[in-house]
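*Asks:* Contents of protein.cif (mmCIF, C-alpha atoms and all ligand atoms) are below:
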data_my_file
loop_
_atom_site.label_atom_id
_atom_site.label_comp_id
_atom_site.auth_asym_id
_atom_site.auth_seq_id
_atom_site.Cartn_x
_atom_site.Cartn_y
_atom_site.Cartn_z
CA MET A 1 108.35 102.99 79.12
CA GLU A 2 111.74 103.25 80.77
CA ASN A 3 111.66 104.34 84.37
CA TYR A 4 113.29 107.57 85.51
CA MET A 5 113.47 109.86 88.53
CA LYS A 6 114.62 113.40 89.22
CA LEU A 7 115.58 114.59 92.65
CA GLU A 8 116.53 118.13 93.62
CA ILE A 9 118.19 118.53 97.00
CA ALA A 10 119.99 121.22 98.97
CA ALA A 11 123.78 121.00 98.71
CA ILE A 12 124.33 120.35 102.40
CA GLY A 13 126.19 117.56 104.15
CA GLU A 14 123.18 115.82 105.62
CA ASN A 15 121.84 115.12 102.12
CA GLU A 16 124.85 113.06 101.07
CA SER A 17 123.64 109.81 102.63
CA PHE A 18 120.07 110.55 101.54
CA ALA A 19 121.14 110.96 97.90
CA ARG A 20 123.21 107.78 97.99
CA SER A 21 120.34 105.75 99.47
CA ALA A 22 117.71 107.25 97.16
CA VAL A 23 119.67 106.32 94.03
CA ALA A 24 120.37 102.85 95.44
CA ALA A 25 116.67 102.31 96.15
CA PHE A 26 115.79 103.40 92.62
CA ALA A 27 118.43 101.07 91.16
CA LEU A 28 116.90 98.02 92.88
CA ALA A 29 114.50 97.65 89.92
CA LEU A 30 117.49 96.32 87.94
CA ASN A 31 118.24 93.61 90.54
CA PRO A 32 121.86 94.69 90.99
CA SER A 33 124.35 92.55 92.88
CA LEU A 34 125.55 93.89 96.23
CA SER A 35 128.84 94.78 94.62
CA GLU A 36 127.18 96.67 91.72
CA LEU A 37 124.95 98.50 94.17
CA SER A 38 127.89 99.39 96.36
CA ASP A 39 129.80 100.78 93.34
CA VAL A 40 126.84 102.99 92.43
CA LYS A 41 126.44 104.23 96.00
CA THR A 42 130.12 105.08 96.27
CA ALA A 43 130.15 106.98 92.96
CA VAL A 44 127.01 108.96 93.84
CA SER A 45 128.45 109.74 97.24
CA GLU A 46 131.64 111.15 95.69
CA ALA A 47 129.76 113.23 93.11
CA VAL A 48 127.32 114.67 95.64
CA THR A 49 130.09 115.36 98.14
CA ASN A 50 131.94 117.32 95.45
CA CYS A 51 128.87 119.50 94.87
CA ILE A 52 128.62 120.12 98.60
CA VAL A 53 132.28 120.87 99.33
CA HIS A 54 133.49 122.48 96.10
CA ALA A 55 130.64 123.90 94.03
CA TYR A 56 129.11 126.50 96.28
CA GLU A 57 131.14 129.12 98.11
CA GLY A 58 129.68 131.64 100.52
CA GLU A 59 125.98 132.31 100.85
CA ASP A 60 124.54 131.45 97.47
CA ALA A 61 120.81 132.06 97.32
CA GLN A 62 120.27 128.58 95.97
CA LYS A 63 122.66 125.74 96.65
CA SER A 64 121.03 122.88 94.89
CA ILE A 65 121.97 119.55 93.39
CA LEU A 66 119.91 117.88 90.69
CA ILE A 67 120.10 114.09 90.50
CA GLU A 68 118.60 112.43 87.44
CA CYS A 69 118.43 108.66 87.04
CA ARG A 70 117.16 106.49 84.24
CA ILE A 71 116.81 102.75 84.05
CA GLU A 72 117.61 101.05 80.78
CA LYS A 73 116.41 97.47 80.65
CA ARG A 74 118.19 95.21 78.18
CA THR A 75 117.40 91.69 76.99
CA VAL A 76 119.98 90.58 79.51
CA GLY A 77 120.50 92.85 82.51
CA GLY A 78 120.47 96.60 81.99
CA ALA A 79 122.07 99.90 82.82
CA LEU A 80 121.58 102.67 85.33
CA HIS A 81 122.18 106.17 83.93
CA ILE A 82 122.91 108.92 86.46
CA ALA A 83 123.45 112.66 85.99
CA ILE A 84 124.45 114.88 88.92
CA THR A 85 124.34 118.63 88.29
CA ASP A 86 125.22 121.66 90.37
CA TYR A 87 124.93 125.35 89.55
CA GLY A 88 128.07 126.44 91.38
CA LYS A 89 131.46 127.80 90.46
CA GLY A 90 132.40 125.18 87.89
CA ILE A 91 135.81 123.70 87.14
CA GLN A 92 138.44 125.75 85.27
CA ASP A 93 140.54 122.81 84.11
CA VAL A 94 138.60 119.54 83.97
CA GLU A 95 141.54 117.46 82.77
CA GLN A 96 143.61 118.59 85.74
CA ALA A 97 140.70 117.99 88.15
CA LEU A 98 140.39 114.40 86.90
CA ALA A 99 144.02 113.55 87.65
CA PRO A 100 144.43 111.20 90.62
CA PHE A 101 145.37 113.06 93.83
CA PHE A 102 144.59 116.50 92.36
CA THR A 103 142.67 118.58 94.88
CA THR A 104 142.11 122.26 95.48
CA LEU A 105 141.32 121.60 99.14
CA GLU A 106 144.54 120.01 100.40
CA ASP A 107 144.33 121.61 103.83
CA GLU A 108 140.87 120.14 104.43
CA GLU A 109 141.98 116.51 104.27
CA ARG A 110 140.75 115.94 100.73
CA SER A 111 142.75 113.27 98.94
CA GLY A 112 141.85 114.20 95.36
CA MET A 113 140.50 110.73 94.62
CA GLY A 114 136.78 111.40 94.13
CA PHE A 115 136.81 111.55 90.32
CA THR A 116 139.19 108.59 90.12
CA ILE A 117 136.81 106.54 92.27
CA MET A 118 133.81 107.47 90.09
CA GLN A 119 135.74 106.49 86.95
CA THR A 120 136.84 103.19 88.47
CA PHE A 121 133.47 102.13 89.87
CA MET A 122 131.24 103.12 86.96
CA THR A 123 131.10 101.71 83.42
CA GLU A 124 131.01 105.17 81.84
CA PHE A 125 131.87 108.56 83.27
CA SER A 126 132.13 112.11 81.93
CA VAL A 127 132.29 115.67 83.25
CA ALA A 128 130.97 118.83 81.65
CA SER A 129 131.70 122.07 83.45
CA GLU A 130 131.51 125.77 82.77
CA PRO A 131 133.23 128.21 85.14
CA GLY A 132 130.62 130.33 86.90
CA LYS A 133 127.76 128.15 85.69
CA GLY A 134 128.22 124.74 87.24
CA THR A 135 129.18 121.16 86.69
CA LYS A 136 127.41 118.08 85.40
CA ILE A 137 128.64 114.54 85.98
CA VAL A 138 127.16 111.87 83.72
CA MET A 139 127.73 108.25 84.65
CA MET A 140 126.43 104.84 83.66
CA LYS A 141 126.65 101.50 85.43
CA GLU A 142 125.99 98.29 83.56
CA ILE A 143 124.01 95.85 85.67
CA ALA A 144 124.52 92.22 84.73
CA ALA A 145 121.63 89.78 84.64
N1 LIG B 201 131.15 120.01 91.61
C1 LIG B 201 132.34 120.65 91.58
N2 LIG B 201 132.38 122.01 91.49
C2 LIG B 201 133.57 122.66 91.46
N3 LIG B 201 134.79 122.05 91.54
C3 LIG B 201 134.79 120.70 91.65
C4 LIG B 201 133.59 119.93 91.68
N4 LIG B 201 133.91 118.62 91.77
C5 LIG B 201 135.26 118.57 91.80
N5 LIG B 201 135.80 119.82 91.73
C6 LIG B 201 137.25 120.15 91.66
O1 LIG B 201 137.95 118.98 91.23
C7 LIG B 201 138.93 118.61 92.21
C8 LIG B 201 139.08 117.10 92.21
O2 LIG B 201 137.87 116.46 92.71
P1 LIG B 201 137.99 115.04 93.44
O3 LIG B 201 136.66 114.63 93.89
O4 LIG B 201 138.74 114.12 92.52
O5 LIG B 201 138.96 115.33 94.67
P2 LIG B 201 138.59 116.12 96.04
O6 LIG B 201 137.13 116.34 96.15
O7 LIG B 201 139.46 117.33 96.10
O8 LIG B 201 139.08 115.08 97.16
P3 LIG B 201 138.27 113.76 97.62
O9 LIG B 201 137.15 113.54 96.64
O10 LIG B 201 139.27 112.65 97.58
O11 LIG B 201 137.77 114.07 98.99
C9 LIG B 201 138.45 119.22 93.50
O12 LIG B 201 139.50 119.44 94.40
C10 LIG B 201 137.82 120.52 93.02
O13 LIG B 201 138.80 121.51 92.79
MG MG B 202 135.79 114.79 95.87
#
Could you write out this file's structure as structure tokens?
Ligand SMILES: Nc1ncnc2c1ncn2[C@@H]1O[C@H](COP(=O)(O)OP(=O)(O)OP(=O)(O)O)[C@@H](O)[C@H]1O
Ligand SMILES: [Mg+2]
*Replies:*
Amino acid sequence: MENYMKLEIAAIGENESFARSAVAAFALALNPSLSELSDVKTAVSEAVTNCIVHAYEGEDAQKSILIECRIEKRTVGGALHIAITDYGKGIQDVEQALAPFFTTLEDEERSGMGFTIMQTFMTEFSVASEPGKGTKIVMMKEIAA
């Protein structure tokens, strides 16, 4: 059976490094190179940070992030599948949000590069979002043998 894990965490700053390390530890089963592992950590960090800084405004009863990972072993190497979901405000215009340097938090020193980094560092990347419902990032990293 293929291995998987699901992790639900509070959308607060101190969980960003925890989420990044937890996914990296899970990914070790695929024997990733340091560079592959670093790409995965960076992408997870950007996705989780987005949930923390953008998704939840004010005092939502539940500010949670769901992280789902699945390991796909192939004859040679494999792939790490990651989904990161929040139940926050969602994104009105996904195409615009994906554009390099687009940010809705200019005054808070955001550079608008998070999505661009995820796209660059991962083999596959997609965003599904519904305003008022939340956002789900689905990513895949191919791990060479
Ligand atoms: N989980 C989310 N919920 C709601 N809006 C989001 C979410 N993730 C991203 N966004 C929107 O998409 C925009 C672009 O995100 P991106 O990560 O590329 O840049 P940023 O977070 O603004 O800046 P940076 O990631 O460089 O610090 C954000 O400014 C925000 O408006
Ligand atoms: Mg960001």
*Asks:* Would you kindly return, as a PyMOL selection string, each protein, DNA or RNA residue with an atom no farther than 9 Å from any atom of Asn3 in chain A, considering only C-alpha atoms and excluding same-chain residues fewer than 3 positions away?
*Replies:* chain A and resi 69-72
*Asks:* Under the rule that only C-alpha atoms are counted, which of A:Ala83, A:Ile143, A:Val44, A:Ala25 is the nearest residue to Lys6 in chain A?
*Replies:*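 Among the listed residues, A:Ala83 lies closest to Lys6 in chain A.
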*Asks:* With 7 Å as the cut-off and only C-alpha atoms and all ligand atoms counted, what is the closest atom pair between each nearby residue of chain A and ligand MG 202 (chain B)? Distances in Å to one decimal, ordered by chain and number, as CSV.
*Replies:*
residue,atom,partner,partner_atom,distance
A:Glu46,CA,B:MG202,MG,5.5
A:Ala47,CA,B:MG202,MG,6.8
A:Thr49,CA,B:MG202,MG,6.2
A:Asn50,CA,B:MG202,MG,4.6
A:Gly112,CA,B:MG202,MG,6.1
A:Met113,CA,B:MG202,MG,6.3
A:Gly114,CA,B:MG202,MG,3.9
A:Phe115,CA,B:MG202,MG,6.5
*Asks:* Please list as a ChimeraX atom specification every residue within 9 Å of Ala19 in chain A, counting all atoms listed in the file and excluding residues in the same chain fewer than 3 positions away.
*Replies:* /A:7,9,15-16,22-24,41,44-45,48,67
*Asks:* Residues within 6 Å of ligand LIG 201 (chain B), counting all atoms listed in the file: report them as a PDB file with C-alpha atoms, in the coordinates of the input.
*Replies:*
ATOM      1  CA  ASN A  50     131.940 117.320  95.450  1.00  0.00           C
ATOM      2  CA  CYS A  51     128.870 119.500  94.870  1.00  0.00           C
ATOM      3  CA  HIS A  54     133.490 122.480  96.100  1.00  0.00           C
ATOM      4  CA  ALA A  55     130.640 123.900  94.030  1.00  0.00           C
ATOM      5  CA  LYS A  89     131.460 127.800  90.460  1.00  0.00           C
ATOM      6  CA  GLY A  90     132.400 125.180  87.890  1.00  0.00           C
ATOM      7  CA  ILE A  91     135.810 123.700  87.140  1.00  0.00           C
ATOM      8  CA  ALA A  97     140.700 117.990  88.150  1.00  0.00           C
ATOM      9  CA  LEU A  98     140.390 114.400  86.900  1.00  0.00           C
ATOM     10  CA  PHE A 102     144.590 116.500  92.360  1.00  0.00           C
ATOM     11  CA  THR A 103     142.670 118.580  94.880  1.00  0.00           C
ATOM     12  CA  THR A 104     142.110 122.260  95.480  1.00  0.00           C
ATOM     13  CA  LEU A 105     141.320 121.600  99.140  1.00  0.00           C
ATOM     14  CA  ARG A 110     140.750 115.940 100.730  1.00  0.00           C
ATOM     15  CA  SER A 111     142.750 113.270  98.940  1.00  0.00           C
ATOM     16  CA  GLY A 112     141.850 114.200  95.360  1.00  0.00           C
ATOM     17  CA  MET A 113     140.500 110.730  94.620  1.00  0.00           C
ATOM     18  CA  GLY A 114     136.780 111.400  94.130  1.00  0.00           C
ATOM     19  CA  PHE A 115     136.810 111.550  90.320  1.00  0.00           C
ATOM     20  CA  THR A 135     129.180 121.160  86.690  1.00  0.00           C
TER      21      THR A 135
END
*Asks:* Of the residues A:Ala99, A:Met139, A:Ala27, A:Thr120, which is the one nearest to Lys73 in chain A, using all atoms listed in the file?
*Replies:*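 Closest to Lys73 in chain A, using all atoms listed in the file: A:Ala27.
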*Asks:* Let me make sure I understand: among A:Gln119, A:Gln96, A:Asn31, A:Ser126, which one has the smallest atom-to-atom distance to Gly78 in chain A if we use only C-alpha atoms?
*Replies:*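 Checking each of A:Gln119, A:Gln96, A:Asn31, A:Ser126 against Gly78 in chain A, counting only C-alpha atoms, the winner is A:Asn31.
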*Asks:* If you count only C-alpha atoms, which residues fall within 12 Å of Ala145 in chain A, apart from same-chain ones fewer than 4 positions away, as a short mmCIF file (atom, residue, chain, number, x, y, z; two decimals) with C-alpha atoms, in the coordinates of the input?
*Replies:*
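Below is the file that was written, out.cif:
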data_model
loop_
_atom_site.label_atom_id
_atom_site.label_comp_id
_atom_site.auth_asym_id
_atom_site.auth_seq_id
_atom_site.Cartn_x
_atom_site.Cartn_y
_atom_site.Cartn_z
CA ALA A 29 114.50 97.65 89.92
CA LEU A 30 117.49 96.32 87.94
CA ASN A 31 118.24 93.61 90.54
CA PRO A 32 121.86 94.69 90.99
CA SER A 33 124.35 92.55 92.88
CA GLU A 36 127.18 96.67 91.72
CA LYS A 73 116.41 97.47 80.65
CA ARG A 74 118.19 95.21 78.18
CA THR A 75 117.40 91.69 76.99
CA VAL A 76 119.98 90.58 79.51
CA GLY A 77 120.50 92.85 82.51
CA GLY A 78 120.47 96.60 81.99
CA ALA A 79 122.07 99.90 82.82
#
*Asks:* One number please: CA of Asp39 in chain A to CA of Phe121 in chain A, in Å, one decimal.
*Replies:* 5.2 Å
*Asks:* Show me, as a list in words, the residues that have an atom within 8 Å of Thr42 in chain A when counting all atoms listed in the file, minus same-chain residues fewer than 5 positions from it.
*Replies:* Arg20, Ile117, Met118 and Phe121 of chain A
*Asks:* Considering all atoms listed in the file, state which residue in the set A:Met122, A:Leu66, A:Ala128, A:Ala43 is at the smallest distance from Ala10 in chain A.
*Replies:*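 Going through A:Met122, A:Leu66, A:Ala128, A:Ala43 one by one, the smallest distance to Ala10 in chain A is for A:Leu66.
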*Asks:* Separation of CA of Glu57 in chain A and CA of Thr85 in chain A, in Å?
*Replies:*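 Value for the CA of Glu57 in chain A-CA of Thr85 in chain A distance: 15.9 Å.
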*Asks:* Please measure the separation of CA of Ile65 in chain A and CA of Ile84 in chain A, giving the value in Å to one decimal.
*Replies:* 6.9 Å
*Asks:* Identify the residues within 7 Å of coordinate (124.6, 103.3, 84.2) (same frame as the file), considering all atoms listed in the file, and give the answer as a list in words.
*Replies:*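 Checked against the point, the hits come out as Ala79, Leu80, His81, Ile82, Thr123, Met139, Met140, Lys141 and Glu142 of chain A.
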